[in-house]
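> Just passing along the structure, written as structure tokens.
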Amino acid sequence: MQRLHEDGRSHYPPYVWPEGKRCAVVFSLDLDAESPHAWAHRGEAIAGLSEIEQRRFGPRQGVARILELLARRGVRGSFYVPGVVATTYPDLLPALLAAGHEVGYHGYFHERLDQVSADQARDFLERTIEIFRHQTGLARLGYRSASWEHTPATLAMLEAANVAYDSSLMGFDHPYEIAEVIEIPVTWTVDDALYFRYTNGPRDKTHPANPAAVLESWIEEFEGLREWGGLFMITVHDWISGRAQRLRMLERLLRHVQAAGDAWIGTAGELAAYHRGSVNHGVHRVPAHGITTAF
Ligand SMILES: [Zn+2]
């Protein structure tokens, strides 16, 4: 009988949040700027300015506006920054920390971990950790992979590098452990890129979505997770959600979440620290392995 490598469990107990909280909310931002475009065209000279300028809007204006919004709502966010972006904009990490936010690693070149060798992946991680250490003095931070991709080997790499946690996968809708790594899960459902990313490129089939419809969809997701006791992980991007109509949408979303009153609004790092010391630790632990298809 062929099996799919799972460990056989099909039931897990509900996640236990701190006293008085039914669910959790994290506002996360992947501060990509130009890096995914540069990675996609690595080794080439990019003369076209259209997408590059659109992306540079992020560090120039988008981030400041999102920081203003978060300050107004009293929300601290988790900002994941590629090493090359931190190097290009050396004021970013210190400014984010000064505003009370969490910073974390997001690859060096925004490299996809299934497209690089194990040696390259480790080299990029070490370079990124060193840049963060140099610019912030902090040495043990969380990690979010580019395009939310991982392999069993790259998870083992994070563990060997003593990274605080990972936030790239979605095997549960609350914190869990995959192999030995604490996972603070994401979800495509609440990722601004799916709805608003538009660069007039070959993958853009339609115009950006109406923020009112997206707001309704995200509130529905939040209310569902509130009912089930999950984590509502919001993921936005500097160059996408720093734009006018999306800022207004995010403000309405945060107002709704805060008005609920029973959601723990914290950073991913705070959730990881809570998870490590809570009754949940070890309860939702899964192995990391792919699937070998054999017919
Ligand atoms: Zn990214």
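For the structure tokens, the naming scheme is as follows: chains receive sequential letters (A, B, ...) according to their order of presentation, residues are indexed from 1 within each chain, and ligands are indexed from 1 in presentation order.
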For Gly261 of chain A, work out the shell of residues within 12 Å, counting only C-alpha atoms and skipping chain neighbours fewer than 5 positions away, then give it as a list of chain:residue names.

A:Gly20, A:Lys21, A:Arg22, A:Cys23, A:Ala24, A:Val25, A:Arg226, A:Leu254, A:Arg255, A:His256

> List every residue of chain A that has an atom at most 10 Å from any atom of ligand 1, and for each one report the closest atom pair and its distance in Å to one decimal, counting only C-alpha atoms and all ligand atoms, with rows sorted by chain and then by increasing residue number, as JSON lines.


```
{"residue": "A:Leu29", "atom": "CA", "partner": "ligand 1", "partner_atom_place_in_ligand_line": "1 (Zn)", "distance": 8.7}
{"residue": "A:Asp30", "atom": "CA", "partner": "ligand 1", "partner_atom_place_in_ligand_line": "1 (Zn)", "distance": 5.0}
{"residue": "A:Leu31", "atom": "CA", "partner": "ligand 1", "partner_atom_place_in_ligand_line": "1 (Zn)", "distance": 6.6}
{"residue": "A:Asp32", "atom": "CA", "partner": "ligand 1", "partner_atom_place_in_ligand_line": "1 (Zn)", "distance": 5.0}
{"residue": "A:Ala33", "atom": "CA", "partner": "ligand 1", "partner_atom_place_in_ligand_line": "1 (Zn)", "distance": 8.6}
{"residue": "A:Glu34", "atom": "CA", "partner": "ligand 1", "partner_atom_place_in_ligand_line": "1 (Zn)", "distance": 9.9}
{"residue": "A:Ser35", "atom": "CA", "partner": "ligand 1", "partner_atom_place_in_ligand_line": "1 (Zn)", "distance": 8.1}
{"residue": "A:Pro36", "atom": "CA", "partner": "ligand 1", "partner_atom_place_in_ligand_line": "1 (Zn)", "distance": 7.0}
{"residue": "A:Tyr80", "atom": "CA", "partner": "ligand 1", "partner_atom_place_in_ligand_line": "1 (Zn)", "distance": 7.8}
{"residue": "A:Val81", "atom": "CA", "partner": "ligand 1", "partner_atom_place_in_ligand_line": "1 (Zn)", "distance": 7.9}
{"residue": "A:Pro82", "atom": "CA", "partner": "ligand 1", "partner_atom_place_in_ligand_line": "1 (Zn)", "distance": 7.7}
{"residue": "A:His106", "atom": "CA", "partner": "ligand 1", "partner_atom_place_in_ligand_line": "1 (Zn)", "distance": 6.7}
{"residue": "A:Gly107", "atom": "CA", "partner": "ligand 1", "partner_atom_place_in_ligand_line": "1 (Zn)", "distance": 8.5}
{"residue": "A:Phe109", "atom": "CA", "partner": "ligand 1", "partner_atom_place_in_ligand_line": "1 (Zn)", "distance": 9.8}
{"residue": "A:His110", "atom": "CA", "partner": "ligand 1", "partner_atom_place_in_ligand_line": "1 (Zn)", "distance": 6.3}
{"residue": "A:Glu111", "atom": "CA", "partner": "ligand 1", "partner_atom_place_in_ligand_line": "1 (Zn)", "distance": 9.1}
{"residue": "A:Arg112", "atom": "CA", "partner": "ligand 1", "partner_atom_place_in_ligand_line": "1 (Zn)", "distance": 9.5}
{"residue": "A:Arg144", "atom": "CA", "partner": "ligand 1", "partner_atom_place_in_ligand_line": "1 (Zn)", "distance": 8.1}
{"residue": "A:Ser145", "atom": "CA", "partner": "ligand 1", "partner_atom_place_in_ligand_line": "1 (Zn)", "distance": 7.3}
{"residue": "A:Ala146", "atom": "CA", "partner": "ligand 1", "partner_atom_place_in_ligand_line": "1 (Zn)", "distance": 4.8}
{"residue": "A:Ser147", "atom": "CA", "partner": "ligand 1", "partner_atom_place_in_ligand_line": "1 (Zn)", "distance": 6.0}
{"residue": "A:Trp148", "atom": "CA", "partner": "ligand 1", "partner_atom_place_in_ligand_line": "1 (Zn)", "distance": 8.1}
{"residue": "A:Ala193", "atom": "CA", "partner": "ligand 1", "partner_atom_place_in_ligand_line": "1 (Zn)", "distance": 9.8}
{"residue": "A:Thr235", "atom": "CA", "partner": "ligand 1", "partner_atom_place_in_ligand_line": "1 (Zn)", "distance": 9.9}
{"residue": "A:Val236", "atom": "CA", "partner": "ligand 1", "partner_atom_place_in_ligand_line": "1 (Zn)", "distance": 9.4}
{"residue": "A:His237", "atom": "CA", "partner": "ligand 1", "partner_atom_place_in_ligand_line": "1 (Zn)", "distance": 7.6}
{"residue": "A:Asp238", "atom": "CA", "partner": "ligand 1", "partner_atom_place_in_ligand_line": "1 (Zn)", "distance": 9.8}
```

> Would you save the residues from that selection as a tab-separated table (two decimals), in the first residue's frame, using C-alpha atoms?


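Everything below was put into out_14.tsv:
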```
chain	number	residue	atom	x	y	z
A	29	LEU	CA	5.32	43.21	5.68
A	30	ASP	CA	7.78	41.72	3.19
A	31	LEU	CA	9.97	44.65	2.28
A	32	ASP	CA	11.03	43.42	-1.15
A	33	ALA	CA	11.59	46.70	-3.01
A	34	GLU	CA	13.46	45.88	-6.25
A	35	SER	CA	14.95	42.58	-5.06
A	36	PRO	CA	12.57	39.98	-6.66
A	80	TYR	CA	11.00	40.85	6.69
A	81	VAL	CA	13.83	42.39	4.71
A	82	PRO	CA	16.21	40.80	2.15
A	106	HIS	CA	13.93	37.48	3.95
A	107	GLY	CA	16.80	35.88	2.02
A	109	PHE	CA	18.73	38.40	-2.99
A	110	HIS	CA	15.11	37.30	-2.38
A	111	GLU	CA	16.32	33.95	-3.72
A	112	ARG	CA	13.82	31.13	-3.98
A	144	ARG	CA	10.54	34.39	6.01
A	145	SER	CA	11.50	32.70	2.77
A	146	ALA	CA	11.06	34.34	-0.63
A	147	SER	CA	7.85	33.19	-2.33
A	148	TRP	CA	7.17	31.10	0.81
A	193	ALA	CA	0.18	40.60	-3.88
A	235	THR	CA	1.04	39.89	4.67
A	236	VAL	CA	1.59	43.06	2.67
A	237	HIS	CA	4.41	44.54	0.59
A	238	ASP	CA	6.00	47.97	0.76
```

> Set the distance at 8 Å and use only C-alpha atoms: which residues neighbour Ala86 of chain A once local chain neighbours fewer than 6 positions away are removed? I'd like the list as a list of chain:residue names.

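Neighbouring residues, sequence-local ones excluded: A:Leu92, A:Leu93, A:Ile131, A:Phe132.
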
> Please, what distance in Å, to one decimal, runs between atom CA of Ala153 of chain A and atom CA of Asp123 of chain A?

13.8 Å

> For Val186 of chain A, which residue among A:Leu125, A:Val26, A:Ile291, A:Ala272 is the nearest when counting only C-alpha atoms?

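Using only C-alpha atoms, Val186 of chain A sits closest to A:Val26.
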
> Using only C-alpha atoms, which of A:Val103, A:Ala161, A:Met249, A:Ile178 sits nearest Gln135 of chain A?

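Looking only at the distances to Gln135 of chain A, the closest residue turns out to be A:Val103.
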
> Pick out the residues sitting within 8 Å of segment 201-218 of chain A, and hand them over as a list in words; count only C-alpha atoms, and ignore anything fewer than 4 positions along from it in its own chain.

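Surrounding residues, per the criterion: Thr189, Val190, Tyr195, Phe196, Arg197, Phe222, Gln245, Arg246, Met249, Leu250, Arg252 and Leu253 of chain A.
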
> Filtering to N, CA, C and O atoms, could you give me those residues as a PDB file, in the first residue's frame?


```pdb
ATOM      1  N   THR A 189      -4.445  33.624   1.253  1.00  0.00           N
ATOM      2  CA  THR A 189      -5.727  34.336   1.282  1.00  0.00           C
ATOM      3  C   THR A 189      -5.569  35.786   1.734  1.00  0.00           C
ATOM      4  O   THR A 189      -6.309  36.660   1.302  1.00  0.00           O
ATOM      5  N   VAL A 190      -4.609  36.016   2.633  1.00  0.00           N
ATOM      6  CA  VAL A 190      -4.441  37.365   3.172  1.00  0.00           C
ATOM      7  C   VAL A 190      -3.048  37.883   2.792  1.00  0.00           C
ATOM      8  O   VAL A 190      -2.221  38.207   3.641  1.00  0.00           O
ATOM      9  N   TYR A 195      -3.949  40.171  -4.908  1.00  0.00           N
ATOM     10  CA  TYR A 195      -5.086  41.006  -5.306  1.00  0.00           C
ATOM     11  C   TYR A 195      -4.659  42.294  -6.012  1.00  0.00           C
ATOM     12  O   TYR A 195      -5.392  42.810  -6.841  1.00  0.00           O
ATOM     13  N   PHE A 196      -3.488  42.805  -5.627  1.00  0.00           N
ATOM     14  CA  PHE A 196      -3.144  44.163  -6.057  1.00  0.00           C
ATOM     15  C   PHE A 196      -1.864  44.267  -6.884  1.00  0.00           C
ATOM     16  O   PHE A 196      -1.553  45.335  -7.396  1.00  0.00           O
ATOM     17  N   ARG A 197      -1.082  43.173  -6.967  1.00  0.00           N
ATOM     18  CA  ARG A 197       0.182  43.264  -7.682  1.00  0.00           C
ATOM     19  C   ARG A 197      -0.106  43.458  -9.164  1.00  0.00           C
ATOM     20  O   ARG A 197      -0.774  42.647  -9.791  1.00  0.00           O
ATOM     21  N   PHE A 222     -10.778  36.720   9.014  1.00  0.00           N
ATOM     22  CA  PHE A 222     -10.502  37.025  10.427  1.00  0.00           C
ATOM     23  C   PHE A 222     -11.609  36.472  11.318  1.00  0.00           C
ATOM     24  O   PHE A 222     -11.333  35.827  12.338  1.00  0.00           O
ATOM     25  N   GLN A 245      -5.146  53.765  -1.818  1.00  0.00           N
ATOM     26  CA  GLN A 245      -6.408  53.077  -1.513  1.00  0.00           C
ATOM     27  C   GLN A 245      -6.182  51.875  -0.598  1.00  0.00           C
ATOM     28  O   GLN A 245      -7.030  51.531   0.222  1.00  0.00           O
ATOM     29  N   ARG A 246      -5.001  51.247  -0.698  1.00  0.00           N
ATOM     30  CA  ARG A 246      -4.740  50.069   0.151  1.00  0.00           C
ATOM     31  C   ARG A 246      -4.444  50.485   1.584  1.00  0.00           C
ATOM     32  O   ARG A 246      -4.755  49.758   2.526  1.00  0.00           O
ATOM     33  N   MET A 249      -7.730  50.838   3.117  1.00  0.00           N
ATOM     34  CA  MET A 249      -8.301  49.520   3.370  1.00  0.00           C
ATOM     35  C   MET A 249      -7.689  48.891   4.627  1.00  0.00           C
ATOM     36  O   MET A 249      -8.389  48.341   5.477  1.00  0.00           O
ATOM     37  N   LEU A 250      -6.365  48.992   4.732  1.00  0.00           N
ATOM     38  CA  LEU A 250      -5.685  48.393   5.895  1.00  0.00           C
ATOM     39  C   LEU A 250      -6.112  49.082   7.189  1.00  0.00           C
ATOM     40  O   LEU A 250      -6.234  48.436   8.235  1.00  0.00           O
ATOM     41  N   ARG A 252      -9.028  50.337   7.822  1.00  0.00           N
ATOM     42  CA  ARG A 252     -10.361  49.792   8.158  1.00  0.00           C
ATOM     43  C   ARG A 252     -10.235  48.366   8.722  1.00  0.00           C
ATOM     44  O   ARG A 252     -10.923  47.993   9.661  1.00  0.00           O
ATOM     45  N   LEU A 253      -9.339  47.595   8.131  1.00  0.00           N
ATOM     46  CA  LEU A 253      -9.142  46.224   8.602  1.00  0.00           C
ATOM     47  C   LEU A 253      -8.640  46.224  10.055  1.00  0.00           C
ATOM     48  O   LEU A 253      -9.149  45.481  10.900  1.00  0.00           O
TER      49      LEU A 253
END
```

> Quick one: residues within 10 Å of Glu130 of chain A, only C-alpha atoms counted, chain neighbours fewer than 6 positions away excluded, as a list in words?

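Here the qualifying residues turn out to be Gly83, Phe124, Thr136, Gly137, Leu138 and Ala139 of chain A.
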
> Given the selection you just returned, output its residues as a file containing N, CA, C and O atoms, formatted as a compact mmCIF listing (two decimals), in the first residue's frame.


```txt
# COMPACT_ATOMS: atom_id res chain seq x y z
N GLY A 83 18.60 40.80 2.59
CA GLY A 83 19.90 41.42 2.91
C GLY A 83 20.27 42.52 1.93
O GLY A 83 20.77 43.57 2.32
N PHE A 124 23.93 32.72 1.44
CA PHE A 124 23.01 33.87 1.45
C PHE A 124 22.48 34.13 2.87
O PHE A 124 22.35 35.28 3.30
N THR A 136 21.98 46.33 13.16
CA THR A 136 21.07 46.41 14.31
C THR A 136 21.66 45.88 15.61
O THR A 136 21.08 46.12 16.67
N GLY A 137 22.73 45.13 15.52
CA GLY A 137 23.28 44.50 16.72
C GLY A 137 22.52 43.24 17.12
O GLY A 137 22.87 42.59 18.09
N LEU A 138 21.48 42.88 16.35
CA LEU A 138 20.66 41.71 16.69
C LEU A 138 21.13 40.50 15.89
O LEU A 138 21.41 40.59 14.70
N ALA A 139 21.19 39.35 16.57
CA ALA A 139 21.78 38.18 15.92
C ALA A 139 20.82 37.01 15.78
O ALA A 139 21.07 36.11 14.99
```

> Between atom CA of Ile182 of chain A and atom CA of Val163 of chain A, what is the spacing in Å?

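Atom-to-atom, atom CA of Val163 of chain A and atom CA of Ile182 of chain A are spaced 9.5 Å apart.
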
> Can you list every residue in segment 80-190 of chain A that DSSP puts in strand (DSSP E or B), as a PyMOL selection string?

chain A and resi 80-81+102-105+143+166+176-178+181-183

> Out of A:Ser241, A:Asn162, A:Ser168, A:Thr292, which residue has the shortest atom-to-atom distance to Phe57 of chain A when counting only C-alpha atoms?

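Checking each of A:Ser241, A:Asn162, A:Ser168, A:Thr292 against Phe57 of chain A, counting only C-alpha atoms, the winner is A:Ser241.
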
> With only C-alpha atoms counted and 12 Å as the cut-off, give the residues of segment 93-184 of chain A in contact with segment 3-14 of chain A, each with its shortest interatomic distance in Å and the pair that gives it, as CSV.


```
residue,atom,partner,partner_atom,distance
A:Phe172,CA,A:Tyr12,CA,10.0
A:Asp173,CA,A:Pro14,CA,10.4
A:His174,CA,A:Pro14,CA,9.2
A:Pro175,CA,A:Pro14,CA,11.0
A:Tyr176,CA,A:Tyr12,CA,11.0
```

> Compare A:Tyr143, A:Tyr198, A:Tyr89, A:Trp228 by their minimum atom-to-atom distance to Gly269 of chain A, counting only C-alpha atoms, and give me the closest one.

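Nearest to Gly269 of chain A: A:Tyr143.
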
> Nearest to Ser28 of chain A: which of A:Gly74, A:Gly171, A:Gly266, A:Gly230 is it, counting only C-alpha atoms?

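Comparing A:Gly74, A:Gly171, A:Gly266, A:Gly230 against Ser28 of chain A, the winner is A:Gly266.
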
> Tell me which of A:Val63, A:Leu231, A:Val257, A:Leu155 sits closest to Pro287 of chain A, counting only C-alpha atoms.

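Under the stated criterion, the closest residue is A:Leu155.
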
> Quick one: distance from atom CA of Glu183 of chain A to atom CA of Asp119 of chain A in Å, one decimal?

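Between atom CA of Glu183 of chain A and atom CA of Asp119 of chain A the gap is 23.1 Å.
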
> Can you list, as a PyMOL selection string, every residue of segment 67-276 of chain A that DSSP puts in alpha helix (DSSP H)?

chain A and resi 67-73+83-88+92-98+118-136+152-160+192-196+211-228+238-241+244-260+268-276

> Can you write just those residues out, C-alpha atoms, as an mmCIF file, in the first residue's frame?


```
data_model
loop_
_atom_site.group_PDB
_atom_site.id
_atom_site.type_symbol
_atom_site.label_atom_id
_atom_site.label_comp_id
_atom_site.auth_asym_id
_atom_site.auth_seq_id
_atom_site.Cartn_x
_atom_site.Cartn_y
_atom_site.Cartn_z
ATOM 1 C CA LEU A 67 4.616 53.058 9.592
ATOM 2 C CA GLU A 68 2.413 56.111 10.053
ATOM 3 C CA LEU A 69 -0.703 53.928 9.831
ATOM 4 C CA LEU A 70 0.648 51.386 12.332
ATOM 5 C CA ALA A 71 1.642 54.166 14.742
ATOM 6 C CA ARG A 72 -1.846 55.660 14.499
ATOM 7 C CA ARG A 73 -3.430 52.283 15.285
ATOM 8 C CA GLY A 83 19.897 41.416 2.908
ATOM 9 C CA VAL A 84 20.373 43.288 -0.361
ATOM 10 C CA VAL A 85 17.503 45.670 0.484
ATOM 11 C CA ALA A 86 18.982 46.377 3.924
ATOM 12 C CA THR A 87 22.318 47.107 2.225
ATOM 13 C CA THR A 88 20.757 49.364 -0.437
ATOM 14 C CA LEU A 92 15.582 51.019 6.986
ATOM 15 C CA LEU A 93 16.309 48.454 9.701
ATOM 16 C CA PRO A 94 17.264 51.038 12.356
ATOM 17 C CA ALA A 95 14.126 53.078 11.527
ATOM 18 C CA LEU A 96 11.866 50.027 11.816
ATOM 19 C CA LEU A 97 13.366 49.076 15.181
ATOM 20 C CA ALA A 98 13.166 52.662 16.435
ATOM 21 C CA ALA A 118 22.418 24.070 -0.361
ATOM 22 C CA ASP A 119 25.788 25.873 -0.289
ATOM 23 C CA GLN A 120 24.342 29.004 -1.915
ATOM 24 C CA ALA A 121 21.348 29.007 0.434
ATOM 25 C CA ARG A 122 23.665 28.813 3.449
ATOM 26 C CA ASP A 123 25.961 31.508 2.071
ATOM 27 C CA PHE A 124 23.009 33.871 1.452
ATOM 28 C CA LEU A 125 21.660 33.216 4.956
ATOM 29 C CA GLU A 126 25.044 33.862 6.590
ATOM 30 C CA ARG A 127 25.495 37.101 4.648
ATOM 31 C CA THR A 128 22.017 38.261 5.631
ATOM 32 C CA ILE A 129 22.518 37.448 9.320
ATOM 33 C CA GLU A 130 25.811 39.374 9.212
ATOM 34 C CA ILE A 131 24.203 42.475 7.654
ATOM 35 C CA PHE A 132 21.436 42.490 10.261
ATOM 36 C CA ARG A 133 23.991 42.019 13.027
ATOM 37 C CA HIS A 134 26.054 44.896 11.657
ATOM 38 C CA GLN A 135 23.102 47.282 11.195
ATOM 39 C CA THR A 136 21.065 46.414 14.307
ATOM 40 C CA PRO A 152 13.584 19.883 4.176
ATOM 41 C CA ALA A 153 17.244 20.921 3.766
ATOM 42 C CA THR A 154 16.557 24.665 4.083
ATOM 43 C CA LEU A 155 14.488 24.104 7.232
ATOM 44 C CA ALA A 156 17.424 22.136 8.669
ATOM 45 C CA MET A 157 19.673 25.042 7.625
ATOM 46 C CA LEU A 158 17.538 27.480 9.662
ATOM 47 C CA GLU A 159 17.760 25.219 12.670
ATOM 48 C CA ALA A 160 21.547 24.894 12.328
ATOM 49 C CA ASP A 192 -1.885 41.746 -0.868
ATOM 50 C CA ALA A 193 0.180 40.605 -3.877
ATOM 51 C CA LEU A 194 -2.546 38.224 -5.043
ATOM 52 C CA TYR A 195 -5.086 41.006 -5.306
ATOM 53 C CA PHE A 196 -3.144 44.163 -6.057
ATOM 54 C CA PRO A 211 -10.034 47.080 -2.037
ATOM 55 C CA ALA A 212 -13.617 47.085 -0.707
ATOM 56 C CA ALA A 213 -14.085 43.504 -1.929
ATOM 57 C CA VAL A 214 -10.707 42.445 -0.524
ATOM 58 C CA LEU A 215 -11.528 44.050 2.817
ATOM 59 C CA GLU A 216 -14.768 42.088 3.006
ATOM 60 C CA SER A 217 -12.929 38.857 2.182
ATOM 61 C CA TRP A 218 -10.199 39.463 4.765
ATOM 62 C CA ILE A 219 -12.691 40.373 7.492
ATOM 63 C CA GLU A 220 -14.506 37.120 6.727
ATOM 64 C CA GLU A 221 -11.205 35.239 7.138
ATOM 65 C CA PHE A 222 -10.502 37.025 10.427
ATOM 66 C CA GLU A 223 -13.966 36.242 11.792
ATOM 67 C CA GLY A 224 -13.579 32.594 10.805
ATOM 68 C CA LEU A 225 -10.201 32.319 12.478
ATOM 69 C CA ARG A 226 -11.620 34.028 15.542
ATOM 70 C CA GLU A 227 -14.257 31.320 15.683
ATOM 71 C CA TRP A 228 -11.748 28.491 15.194
ATOM 72 C CA ASP A 238 6.004 47.966 0.758
ATOM 73 C CA TRP A 239 5.490 48.799 -2.919
ATOM 74 C CA ILE A 240 1.958 47.360 -3.137
ATOM 75 C CA SER A 241 0.197 48.336 0.093
ATOM 76 C CA ALA A 244 -3.294 55.248 -1.230
ATOM 77 C CA GLN A 245 -6.408 53.077 -1.513
ATOM 78 C CA ARG A 246 -4.740 50.069 0.151
ATOM 79 C CA LEU A 247 -3.627 52.152 3.124
ATOM 80 C CA ARG A 248 -7.241 53.156 3.654
ATOM 81 C CA MET A 249 -8.301 49.520 3.370
ATOM 82 C CA LEU A 250 -5.685 48.393 5.895
ATOM 83 C CA GLU A 251 -6.771 51.084 8.327
ATOM 84 C CA ARG A 252 -10.361 49.792 8.158
ATOM 85 C CA LEU A 253 -9.142 46.224 8.602
ATOM 86 C CA LEU A 254 -7.092 47.077 11.688
ATOM 87 C CA ARG A 255 -10.016 49.013 13.166
ATOM 88 C CA HIS A 256 -12.230 45.941 12.748
ATOM 89 C CA VAL A 257 -9.674 43.607 14.309
ATOM 90 C CA GLN A 258 -9.062 45.932 17.241
ATOM 91 C CA ALA A 259 -12.783 46.452 17.840
ATOM 92 C CA ALA A 260 -13.213 42.672 18.255
ATOM 93 C CA ALA A 268 5.473 36.943 14.838
ATOM 94 C CA GLY A 269 8.504 36.933 17.147
ATOM 95 C CA GLU A 270 6.259 37.393 20.184
ATOM 96 C CA LEU A 271 4.028 34.544 19.020
ATOM 97 C CA ALA A 272 7.078 32.304 18.513
ATOM 98 C CA ALA A 273 8.344 33.093 22.018
ATOM 99 C CA TYR A 274 4.890 32.406 23.462
ATOM 100 C CA HIS A 275 4.649 29.145 21.526
ATOM 101 C CA ARG A 276 8.021 27.922 22.789
#
```
